[in-house]
Amino acid sequence: MSDAELECLRAEVKLLRTFGSEFRIPLTNTAGGYGEIVVRRQSLKLDQWQITDGANSNPKVWVASDWRPITNLSMDAAHPYTLHQALQVAAQLAEYEGAALEAMVTALENAYEYQCPECKHWGRWSSKEQADAGGKPDVYWCTICTKTTPLGLAPRRLIEDDAQ
């Protein structure tokens with residue numbers, strides 16, 4: 001690629017960025033790819049951007065190292081970043097929030113035990129298909145009778161003591 005072609009591509013990228021008004025960064029570390037961080041521009045005339053949690057209702061904005069309700073901020077206060085800053089911070093947030101979400105899901109999975117509808121055995125969540133599916137299927141696999149049941153249909157109870 002010649003220097004002229006490279007310069008032309010750089011100019012095109014710069015031009016495309018001037019028209020961009022929203023960028024979505026998926027949360028990292030999540031098995032199901034759930035959640036995203038959204039970077040939004042205040043106006044096409046300004047290089048002022050906000051970072052939101054991607055919620056459709058009651059979104060929160062990342063300002064001064066904290067999530068704040070967007071309704072509590074002025075337009076300028078809600079858009080404190082340049083595009084470069086916003087994308088850097090959003091990438092870091094996507095990694096952090098993804099790890100936090102995975103930790104919460106794991107804690108919830110380990111907080112309950114499920115009852116097999118077939119043999120009535122109580123046991124912790126497990127899935128025979130987990131390795132094959134490449135993720136965590138929403139089923140309870142009974143280690144006694146090997147029946148597979150959707151988690152929503154298996155009775156569950158909170159594990160009171162980890163010593164059980």
# chains A, B, ... in the order shown; residues from 1 in each chain; ligands from 1

$ closest_atom_pairs --of "range 84-113 of chain A" --to "range 22-45 of chain A" --cutoff "10 Å" --atoms "only C-alpha atoms" --output "Markdown table"
| residue | atom | partner | partner_atom | distance |
| --- | --- | --- | --- | --- |
| A:Ala86 | CA | A:Val39 | CA | 6.7 |
| A:Leu87 | CA | A:Val39 | CA | 7.2 |
| A:Val89 | CA | A:Val39 | CA | 9.7 |
| A:Ala90 | CA | A:Ile37 | CA | 6.3 |
| A:Ala91 | CA | A:Ile25 | CA | 6.9 |
| A:Gln92 | CA | A:Thr28 | CA | 9.6 |
| A:Leu93 | CA | A:Ile37 | CA | 7.4 |
| A:Ala94 | CA | A:Leu27 | CA | 4.4 |
| A:Glu95 | CA | A:Thr28 | CA | 5.0 |
| A:Tyr96 | CA | A:Thr28 | CA | 8.0 |
| A:Glu97 | CA | A:Leu27 | CA | 6.6 |
| A:Gly98 | CA | A:Leu27 | CA | 4.8 |
| A:Ala99 | CA | A:Asn29 | CA | 5.7 |
| A:Ala100 | CA | A:Asn29 | CA | 9.1 |
| A:Leu101 | CA | A:Thr30 | CA | 7.2 |
| A:Glu102 | CA | A:Thr30 | CA | 5.8 |
| A:Ala103 | CA | A:Thr30 | CA | 9.5 |
| A:Val105 | CA | A:Thr30 | CA | 9.5 |

$ write_last_selection --atoms "C-alpha atoms" --output "tab-separated table (two decimals), in the first residue's frame"
chain	number	residue	atom	x	y	z
A	86	ALA	CA	-14.70	7.61	25.63
A	87	LEU	CA	-13.63	4.57	23.62
A	89	VAL	CA	-12.78	4.18	29.10
A	90	ALA	CA	-15.64	2.15	27.56
A	91	ALA	CA	-13.26	-0.70	26.68
A	92	GLN	CA	-12.02	-0.80	30.29
A	93	LEU	CA	-15.58	-0.68	31.61
A	94	ALA	CA	-16.68	-3.50	29.28
A	95	GLU	CA	-13.94	-5.69	30.71
A	96	TYR	CA	-14.70	-4.79	34.32
A	97	GLU	CA	-18.50	-4.99	34.02
A	98	GLY	CA	-18.23	-8.28	32.11
A	99	ALA	CA	-16.11	-9.83	34.86
A	100	ALA	CA	-18.51	-8.53	37.54
A	101	LEU	CA	-21.51	-9.98	35.67
A	102	GLU	CA	-19.83	-13.38	35.31
A	103	ALA	CA	-18.96	-13.40	39.03
A	105	VAL	CA	-23.94	-15.33	37.65

$ residues_around --residues "range 62-67 of chain A" --least-positions-apart "2" --cutoff "8 Å" --atoms "only C-alpha atoms" --output "list in words"
Gln50, Ile51, Thr52, Asp53, Lys60, Pro69, Ala77, Ala78 and Pro80 of chain A

$ select_by_dssp --residues "range 3-158 of chain A" --states "strand (DSSP E or B)" --output "ChimeraX atom specification"
/A:22-26,36-41,49-52,60-63,66-69,81,112-115,122-124,139-141,148-150,156-158

$ select_by_dssp --residues "range 29-149 of chain A" --states "helix (DSSP H, G or I)" --output "VMD selection string"
chain A and resid 70 to 72 75 to 78 83 to 111 130 to 133

$ atom_distance --atom1 "CA of Ala154 in chain A" --atom2 "CA of Tyr114 in chain A"
6.1 Å

$ atom_distance --atom1 "CA of Ile159 in chain A" --atom2 "CA of Asn110 in chain A"
8.2 Å

$ atom_distance --atom1 "CA of Thr106 in chain A" --atom2 "CA of Lys120 in chain A"
24.1 Å

$ closest_residue --among "A:Lys14, A:Gly123, A:Cys116, A:Cys145" --to "His84 in chain A" --atoms "only C-alpha atoms"
A:Lys14
